[in-house]
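S.K.: Sending over work-v9.cif (mmCIF, C-alpha atoms and all ligand atoms).
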```cif
data_protein
#
loop_
_atom_site.group_PDB
_atom_site.id
_atom_site.type_symbol
_atom_site.label_atom_id
_atom_site.label_comp_id
_atom_site.auth_asym_id
_atom_site.auth_seq_id
_atom_site.Cartn_x
_atom_site.Cartn_y
_atom_site.Cartn_z
ATOM 1 C CA MET A 1 113.297 110.624 92.922
ATOM 2 C CA GLY A 2 110.699 108.001 92.138
ATOM 3 C CA VAL A 3 110.389 104.515 93.562
ATOM 4 C CA LEU A 4 109.219 102.766 90.372
ATOM 5 C CA ARG A 5 111.109 101.029 87.638
ATOM 6 C CA GLU A 6 110.319 98.487 84.933
ATOM 7 C CA VAL A 7 109.876 94.859 86.082
ATOM 8 C CA VAL A 8 112.745 92.557 85.091
ATOM 9 C CA GLU A 9 112.749 88.757 85.235
ATOM 10 C CA ALA A 10 115.134 88.713 88.217
ATOM 11 C CA ASP A 11 112.514 90.548 90.327
ATOM 12 C CA LEU A 12 109.983 87.723 90.109
ATOM 13 C CA PRO A 13 111.553 85.382 92.717
ATOM 14 C CA VAL A 14 111.601 88.330 95.138
ATOM 15 C CA PHE A 15 107.915 89.104 94.476
ATOM 16 C CA TYR A 16 107.238 85.394 94.950
ATOM 17 C CA GLU A 17 108.759 85.467 98.441
ATOM 18 C CA HIS A 18 106.856 88.661 99.328
ATOM 19 C CA GLN A 19 103.470 87.093 98.469
ATOM 20 C CA ARG A 20 104.262 83.987 100.543
ATOM 21 C CA ASP A 21 104.497 85.930 103.784
ATOM 22 C CA PRO A 22 101.684 84.689 106.069
ATOM 23 C CA GLU A 23 101.201 88.087 107.719
ATOM 24 C CA ALA A 24 100.871 89.743 104.322
ATOM 25 C CA THR A 25 98.419 87.167 102.934
ATOM 26 C CA ALA A 26 96.293 87.483 106.082
ATOM 27 C CA MET A 27 96.343 91.275 105.766
ATOM 28 C CA ALA A 28 95.336 91.258 102.113
ATOM 29 C CA ALA A 29 93.004 88.226 102.593
ATOM 30 C CA PHE A 30 94.611 86.912 99.416
ATOM 31 C CA PRO A 31 96.058 83.386 99.382
ATOM 32 C CA SER A 32 99.650 82.908 98.245
ATOM 33 C CA ARG A 33 100.292 81.119 94.964
ATOM 34 C CA ASP A 34 102.692 78.197 94.621
ATOM 35 C CA ARG A 35 105.772 78.852 92.525
ATOM 36 C CA ASP A 36 104.394 77.497 89.224
ATOM 37 C CA ALA A 37 101.085 79.306 89.587
ATOM 38 C CA PHE A 38 102.878 82.509 90.577
ATOM 39 C CA MET A 39 105.279 82.434 87.622
ATOM 40 C CA ALA A 40 102.434 81.571 85.211
ATOM 41 C CA HIS A 41 100.425 84.513 86.573
ATOM 42 C CA TRP A 42 103.342 86.893 86.008
ATOM 43 C CA ALA A 43 104.037 85.515 82.518
ATOM 44 C CA ARG A 44 100.401 86.246 81.611
ATOM 45 C CA THR A 45 100.540 89.699 83.210
ATOM 46 C CA LEU A 46 103.761 90.715 81.456
ATOM 47 C CA ALA A 47 102.327 89.532 78.116
ATOM 48 C CA ASN A 48 99.082 91.478 78.660
ATOM 49 C CA ASP A 49 99.307 94.844 76.884
ATOM 50 C CA SER A 50 96.468 96.293 78.943
ATOM 51 C CA ALA A 51 98.271 95.547 82.226
ATOM 52 C CA LEU A 52 100.959 97.927 83.500
ATOM 53 C CA THR A 53 103.386 96.759 86.163
ATOM 54 C CA TRP A 54 106.286 98.274 88.037
ATOM 55 C CA THR A 55 108.871 97.145 90.539
ATOM 56 C CA ILE A 56 109.047 99.268 93.699
ATOM 57 C CA VAL A 57 112.632 99.892 94.752
ATOM 58 C CA CYS A 58 114.164 101.066 98.015
ATOM 59 C CA ASP A 59 117.894 101.737 98.343
ATOM 60 C CA GLY A 60 118.471 99.672 95.203
ATOM 61 C CA GLU A 61 116.569 96.673 96.583
ATOM 62 C CA VAL A 62 113.361 95.148 95.240
ATOM 63 C CA ALA A 63 110.794 96.203 97.849
ATOM 64 C CA GLY A 64 107.560 95.230 96.090
ATOM 65 C CA ASN A 65 105.407 95.638 93.039
ATOM 66 C CA ILE A 66 102.426 97.645 91.850
ATOM 67 C CA GLY A 67 100.224 97.239 88.824
ATOM 68 C CA CYS A 68 97.154 98.475 86.968
ATOM 69 C CA TRP A 69 94.896 96.340 84.827
ATOM 70 C CA GLU A 70 91.507 96.462 83.157
ATOM 71 C CA ALA A 71 88.711 94.195 84.337
ATOM 72 C CA ASP A 72 85.123 94.415 83.094
ATOM 73 C CA GLY A 73 85.700 97.947 81.847
ATOM 74 C CA ARG A 74 87.220 99.112 85.145
ATOM 75 C CA MET A 75 90.806 100.181 85.736
ATOM 76 C CA LEU A 76 92.069 98.523 88.909
ATOM 77 C CA VAL A 77 95.253 99.021 90.879
ATOM 78 C CA GLY A 78 96.971 96.616 93.274
ATOM 79 C CA TYR A 79 100.272 96.556 95.148
ATOM 80 C CA TRP A 80 102.344 94.398 97.464
ATOM 81 C CA ILE A 81 105.284 95.443 99.619
ATOM 82 C CA GLY A 82 107.749 92.983 101.182
ATOM 83 C CA ARG A 83 107.232 92.908 104.954
ATOM 84 C CA GLU A 84 110.765 94.107 105.731
ATOM 85 C CA PHE A 85 109.907 97.333 103.862
ATOM 86 C CA TRP A 86 106.563 98.106 105.503
ATOM 87 C CA GLY A 87 105.974 101.421 107.225
ATOM 88 C CA ARG A 88 108.427 103.487 105.171
ATOM 89 C CA GLY A 89 105.869 105.192 102.957
ATOM 90 C CA LEU A 90 106.747 103.056 99.947
ATOM 91 C CA ALA A 91 103.223 101.961 98.994
ATOM 92 C CA THR A 92 102.058 105.570 99.240
ATOM 93 C CA ALA A 93 104.958 106.842 97.118
ATOM 94 C CA ALA A 94 104.432 104.089 94.533
ATOM 95 C CA LEU A 95 100.673 104.660 94.270
ATOM 96 C CA ALA A 96 101.114 108.431 93.971
ATOM 97 C CA GLU A 97 103.614 107.863 91.167
ATOM 98 C CA VAL A 98 101.284 105.469 89.325
ATOM 99 C CA ALA A 99 98.457 108.010 89.620
ATOM 100 C CA GLU A 100 100.717 110.519 87.820
ATOM 101 C CA ILE A 101 101.703 108.075 85.074
ATOM 102 C CA VAL A 102 98.248 106.616 84.385
ATOM 103 C CA ASP A 103 95.722 109.087 82.932
ATOM 104 C CA THR A 104 92.665 106.832 83.082
ATOM 105 C CA ARG A 105 90.025 107.854 85.638
ATOM 106 C CA PRO A 106 88.537 106.542 87.691
ATOM 107 C CA VAL A 107 91.099 104.082 89.002
ATOM 108 C CA GLN A 108 89.691 101.685 91.564
ATOM 109 C CA ALA A 109 91.107 99.459 94.284
ATOM 110 C CA GLU A 110 89.378 96.667 96.160
ATOM 111 C CA VAL A 111 90.496 96.152 99.721
ATOM 112 C CA VAL A 112 89.243 94.065 102.626
ATOM 113 C CA THR A 113 87.787 96.184 105.421
ATOM 114 C CA THR A 114 90.383 94.865 107.894
ATOM 115 C CA ASN A 115 93.349 96.056 105.786
ATOM 116 C CA VAL A 116 93.609 99.423 107.492
ATOM 117 C CA ALA A 117 97.157 100.082 106.264
ATOM 118 C CA SER A 118 96.123 99.697 102.625
ATOM 119 C CA ILE A 119 92.979 101.801 103.113
ATOM 120 C CA ARG A 120 95.189 104.492 104.642
ATOM 121 C CA VAL A 121 97.575 104.323 101.651
ATOM 122 C CA LEU A 122 94.657 104.766 99.249
ATOM 123 C CA GLU A 123 93.199 107.668 101.221
ATOM 124 C CA LYS A 124 96.577 109.403 101.395
ATOM 125 C CA CYS A 125 96.632 109.249 97.584
ATOM 126 C CA GLY A 126 93.161 110.779 97.238
ATOM 127 C CA PHE A 127 91.043 107.643 96.808
ATOM 128 C CA ILE A 128 87.565 107.761 98.314
ATOM 129 C CA GLN A 129 85.238 104.927 99.241
ATOM 130 C CA VAL A 130 82.504 104.380 96.646
ATOM 131 C CA ALA A 131 81.148 100.926 97.494
ATOM 132 C CA ALA A 132 81.256 98.021 99.920
ATOM 133 C CA HIS A 133 80.307 94.441 99.224
ATOM 134 C CA VAL A 134 80.565 90.987 100.716
ATOM 135 C CA GLY A 135 82.124 88.399 98.423
ATOM 136 C CA ASP A 136 81.033 84.766 97.946
ATOM 137 C CA ASP A 137 83.644 83.876 100.560
ATOM 138 C CA GLY A 138 81.888 86.086 103.138
ATOM 139 C CA ILE A 139 84.769 88.594 103.206
ATOM 140 C CA GLU A 140 83.732 92.252 103.207
ATOM 141 C CA GLU A 141 85.571 94.485 100.752
ATOM 142 C CA LEU A 142 85.549 98.192 100.077
ATOM 143 C CA VAL A 143 85.929 99.763 96.662
ATOM 144 C CA LEU A 144 87.929 102.975 96.713
ATOM 145 C CA GLU A 145 88.238 105.216 93.697
ATOM 146 C CA LEU A 146 90.479 107.977 92.425
ATOM 147 C CA ARG A 147 88.493 110.348 90.228
HETATM 148 C C1 LIG B 201 99.323 97.449 102.910
HETATM 149 C C2 LIG B 201 100.740 97.721 102.439
HETATM 150 C C3 LIG B 201 100.726 97.857 100.915
HETATM 151 C C4 LIG B 201 101.237 99.019 103.075
HETATM 152 O O1 LIG B 201 102.536 99.310 102.550
HETATM 153 P P1 LIG B 201 103.526 100.344 103.287
HETATM 154 O O2 LIG B 201 104.627 100.656 102.333
HETATM 155 O O3 LIG B 201 103.871 99.850 104.627
HETATM 156 O O4 LIG B 201 102.532 101.616 103.415
HETATM 157 P P2 LIG B 201 102.940 103.136 103.766
HETATM 158 O O5 LIG B 201 104.128 103.099 104.652
HETATM 159 O O6 LIG B 201 103.011 103.908 102.497
HETATM 160 O O7 LIG B 201 101.639 103.666 104.530
HETATM 161 C C5 LIG B 201 101.016 102.855 105.514
HETATM 162 C C6 LIG B 201 100.037 103.725 106.280
HETATM 163 O O8 LIG B 201 99.181 102.851 107.016
HETATM 164 C C7 LIG B 201 99.326 103.131 108.389
HETATM 165 N N1 LIG B 201 99.166 101.861 109.094
HETATM 166 C C8 LIG B 201 99.962 100.770 109.030
HETATM 167 N N2 LIG B 201 99.488 99.808 109.820
HETATM 168 C C9 LIG B 201 98.372 100.304 110.387
HETATM 169 C C10 LIG B 201 97.441 99.802 111.316
HETATM 170 N N3 LIG B 201 97.563 98.569 111.794
HETATM 171 N N4 LIG B 201 96.409 100.589 111.693
HETATM 172 C C11 LIG B 201 96.284 101.848 111.190
HETATM 173 N N5 LIG B 201 97.137 102.380 110.284
HETATM 174 C C12 LIG B 201 98.170 101.617 109.914
HETATM 175 C C13 LIG B 201 100.696 103.730 108.541
HETATM 176 O O9 LIG B 201 100.796 104.457 109.745
HETATM 177 C C14 LIG B 201 100.737 104.606 107.292
HETATM 178 O O10 LIG B 201 99.959 105.773 107.439
HETATM 179 P P3 LIG B 201 100.612 107.205 107.880
HETATM 180 O O11 LIG B 201 101.601 107.564 106.823
HETATM 181 O O12 LIG B 201 99.426 108.108 107.938
HETATM 182 O O13 LIG B 201 101.259 106.985 109.209
HETATM 183 C C15 LIG B 201 101.716 96.568 102.854
HETATM 184 O O14 LIG B 201 101.581 96.319 104.228
HETATM 185 C C16 LIG B 201 101.464 95.263 102.094
HETATM 186 O O15 LIG B 201 101.957 95.065 100.989
HETATM 187 N N6 LIG B 201 100.676 94.348 102.702
HETATM 188 C C17 LIG B 201 100.385 93.030 102.103
HETATM 189 C C18 LIG B 201 99.700 93.095 100.744
HETATM 190 C C19 LIG B 201 98.506 94.022 100.715
HETATM 191 O O16 LIG B 201 97.763 94.153 101.680
HETATM 192 N N7 LIG B 201 98.317 94.671 99.562
HETATM 193 C C20 LIG B 201 97.211 95.585 99.356
HETATM 194 C C21 LIG B 201 95.986 94.839 98.968
HETATM 195 S S1 LIG B 201 94.615 95.960 98.738
#
```
Please lay out the structure from this file as structure tokens.
M.R.:
Amino acid sequence: MGVLREVVEADLPVFYEHQRDPEATAMAAFPSRDRDAFMAHWARTLANDSALTWTIVCDGEVAGNIGCWEADGRMLVGYWIGREFWGRGLATAALAEVAEIVDTRPVQAEVVTTNVASIRVLEKCGFIQVAAHVGDDGIEELVLELR
């Protein structure tokens, strides 16, 4: 059985809490959004026909989210799991499921070099490293791709 379902409005406050976790933001090197900014971001995402999003569920609970979107002609994927659900294979299961649903290739993910758990998730799903770059903020990121 899969771990994905459609996003419903009631999931958003749970996603909001997940992205506020200091350990998670440090891991992803991605700052948390305040509530208004977070809800505005999700309103835009849900209204964007070229963005696909799913809620990741575990034992009936909202465990995280995963999404694909187009940016500058590239198809990108990103995901976030609530800390209490880490280490159960959920990100891997969710990404593998998305790779089955979405036909577009390549699909790319950008990940900071220090985020070894996320790099491992991508590699387990068949992504390979295709580039590395240092952003304006001095943070080094890898680009991994599923072909
Ligand atoms: C990164 C993240 C998505 C992983 O989710 P998860 O559901 O725990 O991942 P999984 O359980 O599917 O797989 C994690 C893998 O990383 C490995 N791992 C975890 N921490 C690790 C570490 N510190 N060093 C090396 N490997 C590590 C696990 O052992 C596992 O690999 P294995 O199956 O070969 O043992 C989750 O921690 C998260 O949401 N973090 C915050 C947001 C984020 O970083 N998003 C991704 C941005 S690119």
S.K.: Give me the residues near stretch 88-103 of chain A as a PDB file with C-alpha atoms, in the coordinates of the input, where near means some atom within 9 Å (using only C-alpha atoms) and where sequence neighbours in that chain fewer than 4 positions away do not count.
M.R.:
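Printed below is part_14.pdb as written:
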```pdb
ATOM      1  CA  GLY A   2     110.699 108.001  92.138  1.00  0.00           C
ATOM      2  CA  VAL A   3     110.389 104.515  93.562  1.00  0.00           C
ATOM      3  CA  LEU A   4     109.219 102.766  90.372  1.00  0.00           C
ATOM      4  CA  TRP A  54     106.286  98.274  88.037  1.00  0.00           C
ATOM      5  CA  ILE A  56     109.047  99.268  93.699  1.00  0.00           C
ATOM      6  CA  VAL A  57     112.632  99.892  94.752  1.00  0.00           C
ATOM      7  CA  CYS A  58     114.164 101.066  98.015  1.00  0.00           C
ATOM      8  CA  ALA A  63     110.794  96.203  97.849  1.00  0.00           C
ATOM      9  CA  GLY A  64     107.560  95.230  96.090  1.00  0.00           C
ATOM     10  CA  ASN A  65     105.407  95.638  93.039  1.00  0.00           C
ATOM     11  CA  ILE A  66     102.426  97.645  91.850  1.00  0.00           C
ATOM     12  CA  GLY A  67     100.224  97.239  88.824  1.00  0.00           C
ATOM     13  CA  CYS A  68      97.154  98.475  86.968  1.00  0.00           C
ATOM     14  CA  VAL A  77      95.253  99.021  90.879  1.00  0.00           C
ATOM     15  CA  GLY A  78      96.971  96.616  93.274  1.00  0.00           C
ATOM     16  CA  TYR A  79     100.272  96.556  95.148  1.00  0.00           C
ATOM     17  CA  TRP A  80     102.344  94.398  97.464  1.00  0.00           C
ATOM     18  CA  ILE A  81     105.284  95.443  99.619  1.00  0.00           C
ATOM     19  CA  VAL A 107      91.099 104.082  89.002  1.00  0.00           C
ATOM     20  CA  SER A 118      96.123  99.697 102.625  1.00  0.00           C
ATOM     21  CA  ARG A 120      95.189 104.492 104.642  1.00  0.00           C
ATOM     22  CA  VAL A 121      97.575 104.323 101.651  1.00  0.00           C
ATOM     23  CA  LEU A 122      94.657 104.766  99.249  1.00  0.00           C
ATOM     24  CA  LYS A 124      96.577 109.403 101.395  1.00  0.00           C
ATOM     25  CA  CYS A 125      96.632 109.249  97.584  1.00  0.00           C
ATOM     26  CA  GLY A 126      93.161 110.779  97.238  1.00  0.00           C
ATOM     27  CA  LEU A 146      90.479 107.977  92.425  1.00  0.00           C
TER      28      LEU A 146
END
```
S.K.: For the provided coordinates, the residues matched by the PyMOL selection byres (((chain A and resi 133) around 10) and not hetatm) should be stated as a list in words.
M.R.: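 Taken over the shown coordinates, the PyMOL selection byres (((chain A and resi 133) around 10) and not hetatm) returns Glu110, Val112, Thr113, Ala131, Ala132, Val134, Gly135, Asp136, Gly138, Ile139, Glu140, Glu141, Leu142 and Val143 of chain A.
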S.K.: Quick one: which residues end up in the PyMOL selection byres (((chain A and resi 6-14) around 6) and not hetatm) for this structure, as a VMD selection string?
M.R.: chain A and resid 5 15 to 17 54 to 55
S.K.: Go through A:Ala43, A:Met1, A:Ala51, A:Val116 one by one, measure the shortest atom-to-atom distance of each to ligand LIG 201 (chain B) using only C-alpha atoms and all ligand atoms, and give the residue with the smallest value.
M.R.: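 Going through A:Ala43, A:Met1, A:Ala51, A:Val116 one by one, the smallest distance to ligand LIG 201 (chain B) is for A:Val116.
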S.K.: Could you check which of A:Leu46, A:Val111, A:Ile128, A:Met75 is closest to ligand LIG 201 (chain B), using only C-alpha atoms and all ligand atoms?
M.R.: A:Val111
S.K.: If I wrap all listed atoms of stretch 95-113 of chain A in a box with edges along x, y and z and add 8 Å on each side, what are its centre and edge lengths in Å to one decimal, as AutoDock Vina command-line options?
M.R.:
```
--center_x 95.7 --center_y 102.3 --center_z 94.2 --size_x 31.8 --size_y 32.5 --size_z 38.5
```
S.K.: Go through A:Phe30, A:Phe127, A:Trp69, A:Trp42 one by one, measure the shortest atom-to-atom distance of each to ligand LIG 201 (chain B) using all atoms listed in the file, and give the residue with the smallest value.
M.R.: A:Phe30
S.K.: Between A:Val62, A:Ala47, A:Ile119, A:Ala71, which residue has the minimum interatomic distance to ligand LIG 201 (chain B), considering all atoms listed in the file?
M.R.: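 Under the stated criterion, the closest residue is A:Ile119.
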S.K.: One decimal, Å: what's the distance from atom C19 of ligand LIG 201 (chain B) over to atom CA of A:Ala24, could you say?
M.R.: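 If I compute the distance from atom C19 of ligand LIG 201 (chain B) to atom CA of A:Ala24, I get 6.1 Å.
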S.K.: Applied to the shown file, which residues does the PyMOL selection byres (((chain A and resi 33) around 12) and not hetatm) return, written as a PyMOL selection string?
M.R.: chain A and resi 15-22+25+30-32+34-42
S.K.: What separation in Å, quoted to one decimal, exists between atom P1 of ligand LIG 201 (chain B) and atom CA of A:Glu123?
M.R.: 12.8 Å
S.K.: Taking into account all atoms listed in the file, which residue in the set A:Leu76, A:Ala26, A:Ala117, A:Val130 is nearest to ligand LIG 201 (chain B)?
M.R.: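 Using all atoms listed in the file, ligand LIG 201 (chain B) sits closest to A:Ala117.
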S.K.: One decimal, in Å: what's the spacing between atom N3 of ligand LIG 201 (chain B) and atom CA of A:Ala29?
M.R.: 14.6 Å
S.K.: Smallest atom-to-atom distance to ligand LIG 201 (chain B): which of A:Arg44, A:Gly60, A:Asp49, A:Met27, using all atoms listed in the file?
M.R.: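 Counting all atoms listed in the file, the residue closest to ligand LIG 201 (chain B) is A:Met27.
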